[in-house]
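As stored in query_9.cif (mmCIF, C-alpha atoms):
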```
data_input
loop_
_atom_site.group_PDB
_atom_site.id
_atom_site.type_symbol
_atom_site.label_atom_id
_atom_site.label_comp_id
_atom_site.auth_asym_id
_atom_site.auth_seq_id
_atom_site.Cartn_x
_atom_site.Cartn_y
_atom_site.Cartn_z
ATOM 1 C CA MET A 1 -1.456 -82.810 -12.268
ATOM 2 C CA ASN A 2 -0.297 -85.988 -10.659
ATOM 3 C CA ASN A 3 -1.686 -87.962 -7.858
ATOM 4 C CA VAL A 4 1.168 -89.508 -5.879
ATOM 5 C CA GLY A 5 0.069 -91.778 -3.028
ATOM 6 C CA GLY A 6 -3.105 -89.790 -2.570
ATOM 7 C CA ALA A 7 -1.337 -86.399 -2.418
ATOM 8 C CA LEU A 8 -1.905 -83.854 -5.068
ATOM 9 C CA ASN A 9 1.263 -82.952 -6.919
ATOM 10 C CA PHE A 10 1.585 -80.274 -9.588
ATOM 11 C CA ASN A 11 4.264 -78.128 -11.189
ATOM 12 C CA ALA A 12 4.003 -74.325 -11.353
ATOM 13 C CA THR A 13 5.935 -72.208 -13.763
ATOM 14 C CA LEU A 14 6.558 -68.542 -13.242
ATOM 15 C CA ASN A 15 6.850 -66.189 -16.176
ATOM 16 C CA LEU A 16 9.642 -63.875 -15.006
ATOM 17 C CA ASN A 17 9.245 -61.532 -17.959
ATOM 18 C CA GLU A 18 5.670 -60.730 -16.955
ATOM 19 C CA TRP A 19 6.702 -60.338 -13.320
ATOM 20 C CA ARG A 20 9.584 -57.973 -14.240
ATOM 21 C CA ARG A 21 7.276 -55.910 -16.439
ATOM 22 C CA ASN A 22 4.822 -55.562 -13.531
ATOM 23 C CA VAL A 23 7.627 -54.598 -11.106
ATOM 24 C CA ASP A 24 8.898 -51.995 -13.611
ATOM 25 C CA GLN A 25 5.365 -50.579 -13.914
ATOM 26 C CA ILE A 26 5.090 -50.331 -10.125
ATOM 27 C CA ARG A 27 8.497 -48.614 -9.981
ATOM 28 C CA ARG A 28 7.422 -46.094 -12.664
ATOM 29 C CA ASP A 29 4.192 -45.422 -10.768
ATOM 30 C CA ILE A 30 6.094 -44.798 -7.534
ATOM 31 C CA LEU A 31 8.590 -42.486 -9.290
ATOM 32 C CA GLY A 32 5.731 -40.615 -10.956
ATOM 33 C CA LEU A 33 3.989 -40.217 -7.619
ATOM 34 C CA ASN A 34 7.243 -38.942 -6.111
ATOM 35 C CA GLN A 35 7.632 -36.358 -8.903
ATOM 36 C CA GLN A 36 4.023 -35.212 -8.541
ATOM 37 C CA THR A 37 4.479 -34.878 -4.784
ATOM 38 C CA GLN A 38 7.610 -32.773 -5.283
ATOM 39 C CA GLN A 39 5.832 -30.529 -7.792
ATOM 40 C CA GLN A 40 2.832 -30.039 -5.512
ATOM 41 C CA THR A 41 5.087 -29.340 -2.540
ATOM 42 C CA SER A 42 7.018 -26.783 -4.584
ATOM 43 C CA GLN A 43 3.770 -25.086 -5.626
ATOM 44 C CA MET A 44 2.582 -24.961 -2.018
ATOM 45 C CA ASP A 45 5.951 -23.566 -0.917
ATOM 46 C CA ASN A 46 5.726 -20.823 -3.553
ATOM 47 C CA ALA A 47 2.163 -20.013 -2.536
ATOM 48 C CA PHE A 48 3.128 -19.664 1.138
ATOM 49 C CA ARG A 49 6.179 -17.596 0.196
ATOM 50 C CA ASN A 50 3.993 -15.234 -1.855
ATOM 51 C CA LEU A 51 1.470 -15.076 0.962
ATOM 52 C CA SER A 52 4.155 -14.188 3.519
ATOM 53 C CA VAL A 53 5.501 -11.451 1.239
ATOM 54 C CA GLY A 54 1.986 -10.079 0.845
ATOM 55 C CA VAL A 55 1.313 -10.112 4.574
ATOM 56 C CA ALA A 56 4.678 -8.483 5.327
ATOM 57 C CA SER A 57 3.984 -5.788 2.724
ATOM 58 C CA TYR A 58 0.542 -5.163 4.173
ATOM 59 C CA PHE A 59 1.909 -4.686 7.684
ATOM 60 C CA SER A 60 4.864 -2.623 6.437
ATOM 61 C CA VAL A 61 2.525 -0.204 4.709
ATOM 62 C CA HIS A 62 0.466 0.145 7.885
ATOM 63 C CA VAL A 63 3.550 0.695 10.034
ATOM 64 C CA VAL A 64 4.840 3.384 7.669
ATOM 65 C CA ARG A 65 1.420 5.041 7.569
ATOM 66 C CA ASP A 66 1.174 5.017 11.377
ATOM 67 C CA PHE A 67 4.695 6.440 11.658
ATOM 68 C CA ILE A 68 3.868 9.282 9.254
ATOM 69 C CA ASN A 69 0.652 10.025 11.154
ATOM 70 C CA GLU A 70 2.612 10.102 14.418
ATOM 71 C CA LEU A 71 5.144 12.515 12.898
ATOM 72 C CA ILE A 72 2.337 14.811 11.770
ATOM 73 C CA THR A 73 0.760 14.674 15.230
ATOM 74 C CA VAL A 74 4.040 15.456 17.001
ATOM 75 C CA ARG A 75 4.811 18.331 14.638
ATOM 76 C CA GLY A 76 1.327 19.718 15.276
ATOM 77 C CA GLU A 77 1.905 19.544 19.036
ATOM 78 C CA PHE A 78 5.210 21.395 18.644
ATOM 79 C CA GLN A 79 3.528 24.127 16.611
ATOM 80 C CA GLN A 80 0.801 24.502 19.226
ATOM 81 C CA MET A 81 3.421 24.819 21.989
ATOM 82 C CA GLU A 82 5.466 27.329 19.987
ATOM 83 C CA ASN A 83 2.375 29.431 19.241
ATOM 84 C CA ALA A 84 1.269 29.381 22.873
ATOM 85 C CA ILE A 85 4.708 30.325 24.185
ATOM 86 C CA GLU A 86 5.116 33.056 21.601
ATOM 87 C CA THR A 87 1.705 34.436 22.524
ATOM 88 C CA ILE A 88 2.526 34.382 26.238
ATOM 89 C CA THR A 89 6.014 35.902 25.910
ATOM 90 C CA GLY A 90 5.272 38.139 22.942
ATOM 91 C CA SER A 91 8.678 37.332 21.430
ATOM 92 C CA THR A 92 9.859 34.747 18.912
ATOM 93 C CA SER A 93 13.409 34.807 20.263
ATOM 94 C CA GLN A 94 12.217 34.111 23.833
ATOM 95 C CA MET A 95 9.973 31.339 22.505
ATOM 96 C CA ASN A 96 12.959 29.722 20.703
ATOM 97 C CA LYS A 97 15.100 30.033 23.845
ATOM 98 C CA LEU A 98 12.419 28.464 26.071
ATOM 99 C CA MET A 99 11.712 25.663 23.580
ATOM 100 C CA ASP A 100 15.439 24.812 23.439
ATOM 101 C CA GLU A 101 15.590 24.735 27.243
ATOM 102 C CA TRP A 102 12.480 22.566 27.452
ATOM 103 C CA LYS A 103 13.810 20.143 24.833
ATOM 104 C CA GLU A 104 17.043 19.823 26.814
ATOM 105 C CA LEU A 105 15.093 19.300 30.027
ATOM 106 C CA THR A 106 13.016 16.619 28.316
ATOM 107 C CA LEU A 107 16.195 14.716 27.394
ATOM 108 C CA ARG A 108 17.464 14.760 30.995
ATOM 109 C CA SER A 109 14.194 14.179 32.842
ATOM 110 C CA PRO A 110 11.586 11.426 32.906
ATOM 111 C CA PHE A 111 8.913 13.918 31.842
ATOM 112 C CA ARG A 112 7.521 14.313 28.360
ATOM 113 C CA LEU A 113 7.715 17.596 26.519
ATOM 114 C CA SER A 114 3.930 17.991 26.692
ATOM 115 C CA GLU A 115 4.051 17.631 30.512
ATOM 116 C CA ILE A 116 6.855 20.167 30.795
ATOM 117 C CA ASP A 117 4.950 22.514 28.466
ATOM 118 C CA LYS A 118 1.842 22.414 30.674
ATOM 119 C CA GLN A 119 3.764 23.215 33.852
ATOM 120 C CA GLU A 120 6.008 25.853 32.321
ATOM 121 C CA SER A 121 3.106 27.532 30.532
ATOM 122 C CA SER A 122 1.248 27.748 33.844
ATOM 123 C CA CYS A 123 4.326 29.287 35.466
ATOM 124 C CA LEU A 124 4.701 31.776 32.617
ATOM 125 C CA HIS A 125 1.051 32.805 32.956
ATOM 126 C CA MET A 126 1.525 33.424 36.686
ATOM 127 C CA VAL A 127 4.752 35.405 36.228
ATOM 128 C CA LEU A 128 3.370 37.620 33.473
ATOM 129 C CA MET A 129 0.058 38.317 35.202
#
```
Rendering of file as structure tokens:
Amino acid sequence: MNNVGGALNFNATLNLNEWRRNVDQIRRDILGLNQQTQQQTSQMDNAFRNLSVGVASYFSVHVVRDFINELITVRGEFQQMENAIETITGSTSQMNKLMDEWKELTLRSPFRLSEIDKQESSCLHMVLM
């Protein structure tokens, strides 16, 4: 250290090898952090993908089950109508003819088959009595 006219004067040397080694270590740390982040993100993505597949499967099973239950219910309603009509008319052929007519009417009208069945059954009761 030198004292020049009252000012403090000194020389500083920089060891570039040490500095480069530290910069390389920082670079490796950043790259390692980047790789870990990518791995964790990939794991999270896979977990969410598996979760979405599980949720979709769960709801699909419920939709299929509800559809099957609805089919069973509708078939039961048809059997009840057929039995009632056959009982009222006393003939399977007349029951088939009326059911075909009612199905056709259901396709062309805003009424449901169950609504048509109620009205037509009432009419049949009145005619036959």
If the PyMOL selection byres ((chain A and resi 98-111) around 10) is run on the structure shown, which residues does it catch, given as number ranges by chain? A: 78, 81-82, 85-86, 89, 92-97, 112-117, 120
Restricting the output to C-alpha atoms, write the selected residues as a PDB file, keeping the file's coordinate frame.
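For reference, part.pdb as written:
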```
ATOM      1  CA  PHE A  78       5.210  21.395  18.644  1.00  0.00           C
ATOM      2  CA  MET A  81       3.421  24.819  21.989  1.00  0.00           C
ATOM      3  CA  GLU A  82       5.466  27.329  19.987  1.00  0.00           C
ATOM      4  CA  ILE A  85       4.708  30.325  24.185  1.00  0.00           C
ATOM      5  CA  GLU A  86       5.116  33.056  21.601  1.00  0.00           C
ATOM      6  CA  THR A  89       6.014  35.902  25.910  1.00  0.00           C
ATOM      7  CA  THR A  92       9.859  34.747  18.912  1.00  0.00           C
ATOM      8  CA  SER A  93      13.409  34.807  20.263  1.00  0.00           C
ATOM      9  CA  GLN A  94      12.217  34.111  23.833  1.00  0.00           C
ATOM     10  CA  MET A  95       9.973  31.339  22.505  1.00  0.00           C
ATOM     11  CA  ASN A  96      12.959  29.722  20.703  1.00  0.00           C
ATOM     12  CA  LYS A  97      15.100  30.033  23.845  1.00  0.00           C
ATOM     13  CA  ARG A 112       7.521  14.313  28.360  1.00  0.00           C
ATOM     14  CA  LEU A 113       7.715  17.596  26.519  1.00  0.00           C
ATOM     15  CA  SER A 114       3.930  17.991  26.692  1.00  0.00           C
ATOM     16  CA  GLU A 115       4.051  17.631  30.512  1.00  0.00           C
ATOM     17  CA  ILE A 116       6.855  20.167  30.795  1.00  0.00           C
ATOM     18  CA  ASP A 117       4.950  22.514  28.466  1.00  0.00           C
ATOM     19  CA  GLU A 120       6.008  25.853  32.321  1.00  0.00           C
TER      20      GLU A 120
END
```
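With all atoms listed in the file as the atoms that count, the minimum distance from Ile88 of chain A to the choices A:Ile30, A:Met44, A:Cys123, A:Val23 is reached by A:Cys123.
Atom CA of Ser121 of chain A to atom CA of Gln79 of chain A spans 14.3 Å [interatomic distance, one decimal].
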Distance of atom CA of Thr41 of chain A from atom CA of Gly54 of chain A, expressed in Å to one decimal place: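 We find that atom CA of Gly54 of chain A and atom CA of Thr41 of chain A lie 19.8 Å from each other.
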Which one of A:Arg20, A:Ser42, A:Leu124, A:Thr13 sits closest to Gly90 of chain A if you count all atoms listed in the file?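 Closest to Gly90 of chain A of all the choices is A:Leu124.
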So the first atom is atom CA of Gln119 of chain A and the second is atom CA of Thr87 of chain A; what is the distance between them in Å, to one decimal place? 16.1 Å
For segment 46-51 of chain A, what centre and edge lengths in Å (one decimal) does the axis-aligned box get once 4 Å is added on each side of all its listed atoms, as lines of an AutoDock Vina configuration file?
```
center_x = 3.8
center_y = -17.9
center_z = -1.2
size_x = 12.7
size_y = 13.7
size_z = 12.7
```
